[in-house]
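*Asks:* Next comes the structure file work02.csv, holding CSV, C-alpha atoms.
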chain,number,residue,atom,x,y,z
A,127,GLU,CA,111.1,106.2,91.1
A,128,THR,CA,113.6,103.9,89.4
A,129,GLY,CA,114.6,105.9,86.4
A,130,VAL,CA,113.2,103.3,84.1
A,131,THR,CA,110.2,104.5,82.0
A,132,GLN,CA,107.9,102.5,79.9
A,133,SER,CA,105.4,103.6,77.3
A,134,PRO,CA,102.6,103.4,76.8
A,135,THR,CA,101.1,102.6,80.2
A,136,HIS,CA,98.1,100.9,78.8
A,137,LEU,CA,96.9,99.8,75.3
A,138,ILE,CA,94.3,97.7,73.7
A,139,LYS,CA,94.9,95.7,70.6
A,140,THR,CA,93.0,93.3,68.4
A,141,ARG,CA,94.0,89.7,67.9
A,142,GLY,CA,96.3,89.3,65.0
A,143,GLN,CA,97.7,92.9,65.2
A,144,GLN,CA,101.2,93.9,66.0
A,145,VAL,CA,102.4,95.9,69.0
A,146,THR,CA,105.6,97.8,70.0
A,147,LEU,CA,106.4,98.6,73.6
A,148,ARG,CA,109.2,100.9,74.6
A,149,CYS,CA,111.5,101.2,77.6
A,150,SER,CA,114.0,103.9,78.5
A,151,SER,CA,116.6,102.4,80.8
A,152,GLN,CA,118.2,104.0,83.9
A,153,SER,CA,121.2,106.3,83.1
A,154,GLY,CA,124.4,104.3,82.7
A,155,HIS,CA,122.7,100.9,82.5
A,156,ASN,CA,123.7,98.8,79.5
A,157,THR,CA,121.4,95.8,80.0
A,158,VAL,CA,117.7,95.6,79.5
A,159,SER,CA,115.4,92.7,80.2
A,160,TRP,CA,111.8,92.2,79.4
A,161,TYR,CA,109.3,90.2,81.4
A,162,GLN,CA,105.7,89.2,80.9
A,163,GLN,CA,103.4,89.1,83.9
A,164,ALA,CA,100.0,87.4,83.4
A,165,LEU,CA,97.3,88.2,85.9
A,166,GLY,CA,97.9,86.5,89.2
A,167,GLN,CA,101.3,85.1,88.2
A,168,GLY,CA,104.9,86.0,88.7
A,169,PRO,CA,106.9,87.7,85.8
A,170,GLN,CA,108.3,85.4,83.1
A,171,PHE,CA,111.6,86.2,81.4
A,172,ILE,CA,111.2,87.0,77.7
A,173,PHE,CA,114.7,88.1,76.7
A,174,GLN,CA,117.6,90.3,77.6
A,175,TYR,CA,119.7,92.7,75.6
A,176,TYR,CA,123.3,93.7,76.5
A,177,ARG,CA,125.0,96.4,74.4
A,178,GLU,CA,122.5,96.0,71.6
A,179,GLU,CA,122.8,92.2,71.3
A,180,GLU,CA,120.4,89.6,72.5
A,181,ASN,CA,121.9,88.0,75.6
A,182,GLY,CA,119.5,85.2,76.6
A,183,ARG,CA,115.9,84.3,75.8
A,184,GLY,CA,113.1,82.6,77.7
A,185,ASN,CA,110.5,80.2,76.4
A,186,PHE,CA,108.7,82.6,74.1
A,187,PRO,CA,107.9,82.1,70.4
A,188,PRO,CA,109.8,84.1,67.7
A,189,ARG,CA,106.9,86.5,67.3
A,190,PHE,CA,108.3,88.1,70.4
A,191,SER,CA,111.3,90.1,69.3
A,192,GLY,CA,113.3,93.0,70.6
A,193,LEU,CA,115.8,95.7,69.9
A,194,GLN,CA,118.2,97.7,72.0
A,195,PHE,CA,119.5,101.1,70.7
A,196,PRO,CA,122.9,102.7,71.1
A,197,ASN,CA,121.5,104.8,74.0
A,198,TYR,CA,120.4,101.4,75.6
A,199,SER,CA,116.7,102.1,75.4
A,200,SER,CA,114.8,99.1,74.1
A,201,GLU,CA,111.7,97.9,72.3
A,202,LEU,CA,109.6,94.8,72.6
A,203,ASN,CA,107.7,93.8,69.5
A,204,VAL,CA,105.0,91.2,69.4
A,205,ASN,CA,103.5,90.1,66.1
A,206,ALA,CA,100.3,88.2,65.4
A,207,LEU,CA,98.8,89.0,68.9
A,208,GLU,CA,96.9,86.3,70.7
A,209,LEU,CA,94.4,86.6,73.5
A,210,ASP,CA,96.9,85.0,75.9
A,211,ASP,CA,99.4,87.8,75.2
A,212,SER,CA,97.2,90.0,77.5
A,213,ALA,CA,99.5,90.8,80.4
A,214,LEU,CA,101.6,93.4,82.1
A,215,TYR,CA,104.9,93.8,80.3
A,216,LEU,CA,107.8,94.8,82.5
A,217,CYS,CA,111.2,96.2,81.5
A,218,ALA,CA,114.2,96.1,83.8
A,219,SER,CA,117.5,97.8,83.4
A,220,SER,CA,120.8,96.9,85.1
A,221,LEU,CA,124.5,97.0,84.7
A,222,GLY,CA,124.5,93.4,83.7
A,223,GLY,CA,125.7,90.3,85.5
A,224,PRO,CA,123.8,88.1,87.9
A,225,ASN,CA,124.8,90.0,91.1
A,226,THR,CA,123.7,93.4,90.0
A,227,GLU,CA,120.3,94.9,90.9
A,228,ALA,CA,117.7,95.2,88.2
A,229,PHE,CA,115.5,98.3,88.3
A,230,PHE,CA,112.0,97.8,87.0
A,231,GLY,CA,109.7,100.2,85.2
A,232,GLN,CA,106.0,100.5,86.0
A,233,GLY,CA,105.0,98.3,83.1
A,234,THR,CA,102.7,98.4,80.1
A,235,ARG,CA,99.3,96.8,80.5
A,236,LEU,CA,98.4,95.1,77.2
A,237,THR,CA,94.9,93.9,76.5
A,238,VAL,CA,94.2,91.8,73.4
A,239,VAL,CA,90.6,91.5,72.4
B,1195,ALA,CA,113.6,70.9,87.4
B,1196,GLN,CA,114.7,74.4,88.4
B,1197,SER,CA,112.0,76.2,90.3
B,1198,VAL,CA,111.0,78.8,92.9
B,1199,THR,CA,108.1,77.9,95.1
B,1200,GLN,CA,106.0,80.3,97.2
B,1201,PRO,CA,103.5,77.9,98.9
B,1202,ASP,CA,101.2,80.6,100.2
B,1203,ILE,CA,99.0,82.3,97.6
B,1204,HIS,CA,97.4,84.8,100.1
B,1205,ILE,CA,98.2,85.7,103.7
B,1206,THR,CA,96.2,88.0,106.0
B,1207,VAL,CA,97.8,89.4,109.1
B,1208,SER,CA,96.8,92.0,111.6
B,1209,GLU,CA,98.5,95.3,111.7
B,1210,GLY,CA,101.3,95.2,114.2
B,1211,ALA,CA,101.7,91.4,114.0
B,1212,SER,CA,104.7,89.6,112.7
B,1213,LEU,CA,105.0,88.2,109.2
B,1214,GLU,CA,106.8,85.4,107.5
B,1215,LEU,CA,106.5,84.6,103.8
B,1216,ARG,CA,107.9,81.3,102.6
B,1217,CYS,CA,110.1,80.6,99.6
B,1218,ASN,CA,111.9,77.5,98.5
B,1219,TYR,CA,114.1,77.0,95.5
B,1220,SER,CA,115.3,74.0,93.5
B,1221,TYR,CA,118.7,74.5,91.8
B,1222,GLY,CA,121.9,72.5,91.6
B,1223,ALA,CA,123.9,75.2,93.3
B,1224,THR,CA,122.9,78.1,95.5
B,1225,PRO,CA,121.7,80.8,93.2
B,1226,TYR,CA,121.5,84.5,94.0
B,1227,LEU,CA,118.3,85.1,95.9
B,1228,PHE,CA,116.0,88.1,96.0
B,1229,TRP,CA,112.7,89.4,97.4
B,1230,TYR,CA,110.6,91.9,95.4
B,1231,VAL,CA,107.4,93.8,96.3
B,1232,GLN,CA,104.8,94.9,93.9
B,1233,SER,CA,102.0,97.3,94.8
B,1234,PRO,CA,98.8,97.2,92.7
B,1235,GLY,CA,99.5,98.5,89.2
B,1236,GLN,CA,103.1,99.1,89.9
B,1237,GLY,CA,106.4,97.7,88.9
B,1238,LEU,CA,108.7,95.7,91.1
B,1239,GLN,CA,110.8,97.1,93.9
B,1240,LEU,CA,113.8,95.1,95.4
B,1241,LEU,CA,113.4,94.5,99.1
B,1242,LEU,CA,116.6,92.6,99.7
B,1243,LYS,CA,119.1,90.2,98.1
B,1244,TYR,CA,121.5,87.4,99.2
B,1245,PHE,CA,124.7,86.6,97.3
B,1246,SER,CA,126.9,85.1,99.9
B,1247,GLY,CA,128.2,85.5,103.5
B,1248,ASP,CA,125.9,86.2,106.4
B,1249,THR,CA,122.7,84.2,106.0
B,1250,LEU,CA,120.5,86.8,107.6
B,1251,VAL,CA,120.0,89.7,105.2
B,1252,GLN,CA,118.5,93.1,106.1
B,1253,GLY,CA,116.5,95.0,103.5
B,1254,ILE,CA,114.4,98.1,103.1
B,1255,LYS,CA,111.2,98.9,105.0
B,1256,GLY,CA,112.2,96.8,108.0
B,1257,PHE,CA,112.2,93.5,106.1
B,1258,GLU,CA,114.8,90.7,106.6
B,1259,ALA,CA,115.3,87.3,105.1
B,1260,GLU,CA,117.2,84.2,106.2
B,1261,PHE,CA,118.9,81.9,103.8
B,1262,LYS,CA,118.9,78.2,104.9
B,1263,ARG,CA,121.0,76.0,102.6
B,1264,SER,CA,119.9,72.8,104.2
B,1265,GLN,CA,116.2,73.6,103.5
B,1266,SER,CA,116.8,75.5,100.2
B,1267,SER,CA,114.7,78.3,101.7
B,1268,PHE,CA,114.9,82.0,101.8
B,1269,ASN,CA,112.0,83.2,103.9
B,1270,LEU,CA,111.0,86.8,104.3
B,1271,ARG,CA,110.2,88.3,107.7
B,1272,LYS,CA,109.0,91.5,109.4
B,1273,PRO,CA,108.5,91.9,113.1
B,1274,SER,CA,105.6,94.3,112.9
B,1275,VAL,CA,103.6,94.9,109.7
B,1276,HIS,CA,102.0,98.2,108.7
B,1277,TRP,CA,98.9,98.7,106.6
B,1278,SER,CA,101.2,100.1,103.8
B,1279,ASP,CA,102.9,96.6,103.6
B,1280,ALA,CA,99.8,95.3,101.8
B,1281,ALA,CA,101.1,94.2,98.4
B,1282,GLU,CA,102.3,91.2,96.3
B,1283,TYR,CA,105.6,89.7,97.3
B,1284,PHE,CA,107.8,87.8,94.9
B,1285,CYS,CA,110.7,85.6,95.8
B,1286,ALA,CA,113.2,85.3,92.9
B,1287,VAL,CA,116.5,83.7,92.0
B,1288,VAL,CA,119.2,84.3,89.5
B,1289,PRO,CA,121.1,81.1,88.7
B,1290,TYR,CA,124.9,81.6,88.2
B,1291,SER,CA,124.7,80.5,84.6
B,1292,SER,CA,121.7,82.6,83.6
B,1293,ALA,CA,123.3,85.9,82.5
B,1294,SER,CA,121.1,87.7,85.0
B,1295,LYS,CA,117.8,86.2,84.0
B,1296,ILE,CA,115.5,86.5,87.0
B,1297,ILE,CA,113.2,83.6,87.8
B,1298,PHE,CA,110.3,84.6,89.9
B,1299,GLY,CA,108.0,82.6,92.1
B,1300,SER,CA,104.2,82.9,91.7
B,1301,GLY,CA,103.9,85.4,94.5
B,1302,THR,CA,102.2,85.8,97.8
B,1303,ARG,CA,99.5,88.4,98.3
B,1304,LEU,CA,99.6,90.1,101.7
B,1305,SER,CA,96.5,91.7,103.2
B,1306,ILE,CA,96.6,93.6,106.4
B,1307,ARG,CA,93.7,93.4,108.9
B,1308,PRO,CA,93.1,96.7,110.7
Please express what this file holds, its structure, as structure tokens.

*Replies:*
Amino acid sequence: ETGVTQSPTHLIKTRGQQVTLRCSSQSGHNTVSWYQQALGQGPQFIFQYYREEENGRGNFPPRFSGLQFPNYSSELNVNALELDDSALYLCASSLGGPNTEAFFGQGTRLTVV
Amino acid sequence: AQSVTQPDIHITVSEGASLELRCNYSYGATPYLFWYVQSPGQGLQLLLKYFSGDTLVQGIKGFEAEFKRSQSSFNLRKPSVHWSDAAEYFCAVVPYSSASKIIFGSGTRLSIRP
């Protein structure tokens, strides 16, 4: 148990729809990062939030957006879903900085049909 | 180009045998280095990390890794594997300038032969 919880655990959406994934970070952690893990691949960095501000973004289109709330929980929103968005979405919380440990949640399995 | 390479997609070893999983990175300067493990349907768990200092790093579950600057490698080892070690293993780096963005390799799937 890492103390990072994600919801929902699984969901199925139709192409073109919008989805919101949620992450509750470990107590005391002010940094949340989101990763997309396609089947058979390593996780790919989507973006990071530090104290409610975006603090780095990977190579993902603008239809991937996020929020971090004052309690440091976070949301990942994906608009206009495409079939290739089907993946495991992982949230990681940390104290920030490159030499601090990131704690991962169990992930949300998104299937787009 | 910056990258993390795990050349072995799938490895099978017998229970009790030794294990070595390979990882090479390509960055201008030595980044922070990590190994994570992922069991089926689970999130990622940190096995060990290297920031600086002693190049042989001890981790959890009996794993260790050795940083070799001359080879840009950070291979993971275990003297004797257990059936519960069957999982996906990811080598990862955090470049100094990345604001803690983790870059993962493509993973090595470990199977254990009884």

*Asks:* For a quick test of understanding: name the residues of chain B lying within 10 Å of chain A when counting only C-alpha atoms, and present them as an mmCIF file with C-alpha atoms, in the frame of the given file.

*Replies:*
data_model
loop_
_atom_site.group_PDB
_atom_site.id
_atom_site.type_symbol
_atom_site.label_atom_id
_atom_site.label_comp_id
_atom_site.auth_asym_id
_atom_site.auth_seq_id
_atom_site.Cartn_x
_atom_site.Cartn_y
_atom_site.Cartn_z
ATOM 1 C CA ILE B 1203 99.000 82.300 97.600
ATOM 2 C CA PRO B 1225 121.700 80.800 93.200
ATOM 3 C CA TYR B 1226 121.500 84.500 94.000
ATOM 4 C CA LEU B 1227 118.300 85.100 95.900
ATOM 5 C CA PHE B 1228 116.000 88.100 96.000
ATOM 6 C CA GLN B 1232 104.800 94.900 93.900
ATOM 7 C CA GLY B 1235 99.500 98.500 89.200
ATOM 8 C CA GLN B 1236 103.100 99.100 89.900
ATOM 9 C CA GLY B 1237 106.400 97.700 88.900
ATOM 10 C CA LEU B 1238 108.700 95.700 91.100
ATOM 11 C CA GLN B 1239 110.800 97.100 93.900
ATOM 12 C CA LEU B 1240 113.800 95.100 95.400
ATOM 13 C CA LEU B 1242 116.600 92.600 99.700
ATOM 14 C CA LYS B 1243 119.100 90.200 98.100
ATOM 15 C CA TYR B 1244 121.500 87.400 99.200
ATOM 16 C CA PHE B 1245 124.700 86.600 97.300
ATOM 17 C CA GLU B 1282 102.300 91.200 96.300
ATOM 18 C CA TYR B 1283 105.600 89.700 97.300
ATOM 19 C CA PHE B 1284 107.800 87.800 94.900
ATOM 20 C CA CYS B 1285 110.700 85.600 95.800
ATOM 21 C CA ALA B 1286 113.200 85.300 92.900
ATOM 22 C CA VAL B 1287 116.500 83.700 92.000
ATOM 23 C CA VAL B 1288 119.200 84.300 89.500
ATOM 24 C CA PRO B 1289 121.100 81.100 88.700
ATOM 25 C CA TYR B 1290 124.900 81.600 88.200
ATOM 26 C CA SER B 1291 124.700 80.500 84.600
ATOM 27 C CA SER B 1292 121.700 82.600 83.600
ATOM 28 C CA ALA B 1293 123.300 85.900 82.500
ATOM 29 C CA SER B 1294 121.100 87.700 85.000
ATOM 30 C CA LYS B 1295 117.800 86.200 84.000
ATOM 31 C CA ILE B 1296 115.500 86.500 87.000
ATOM 32 C CA ILE B 1297 113.200 83.600 87.800
ATOM 33 C CA PHE B 1298 110.300 84.600 89.900
ATOM 34 C CA GLY B 1299 108.000 82.600 92.100
ATOM 35 C CA SER B 1300 104.200 82.900 91.700
ATOM 36 C CA GLY B 1301 103.900 85.400 94.500
ATOM 37 C CA THR B 1302 102.200 85.800 97.800
ATOM 38 C CA ARG B 1303 99.500 88.400 98.300
#

*Asks:* Which is closest to Gly1247 (chain B) among B:Tyr1221, B:Phe1261, B:Tyr1230, B:Trp1277, if we use all atoms listed in the file?

*Replies:*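 Among B:Tyr1221, B:Phe1261, B:Tyr1230, B:Trp1277, it is B:Phe1261 that comes nearest to Gly1247 (chain B).
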
*Asks:* CA of Pro187 (chain A) to CA of Ser199 (chain A): how many Å, to one decimal?

*Replies:*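 It comes out at 22.4 Å.
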
*Asks:* One number please: CA of Gln144 (chain A) to CA of Asn203 (chain A), in Å, one decimal.

*Replies:*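 Answer for the CA of Gln144 (chain A) to CA of Asn203 (chain A) separation: 7.4 Å.
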
*Asks:* When you draw a straight line from CA of Asn1218 (chain B) to CA of Ser1274 (chain B), how long is it in Å?

*Replies:* 23.0 Å
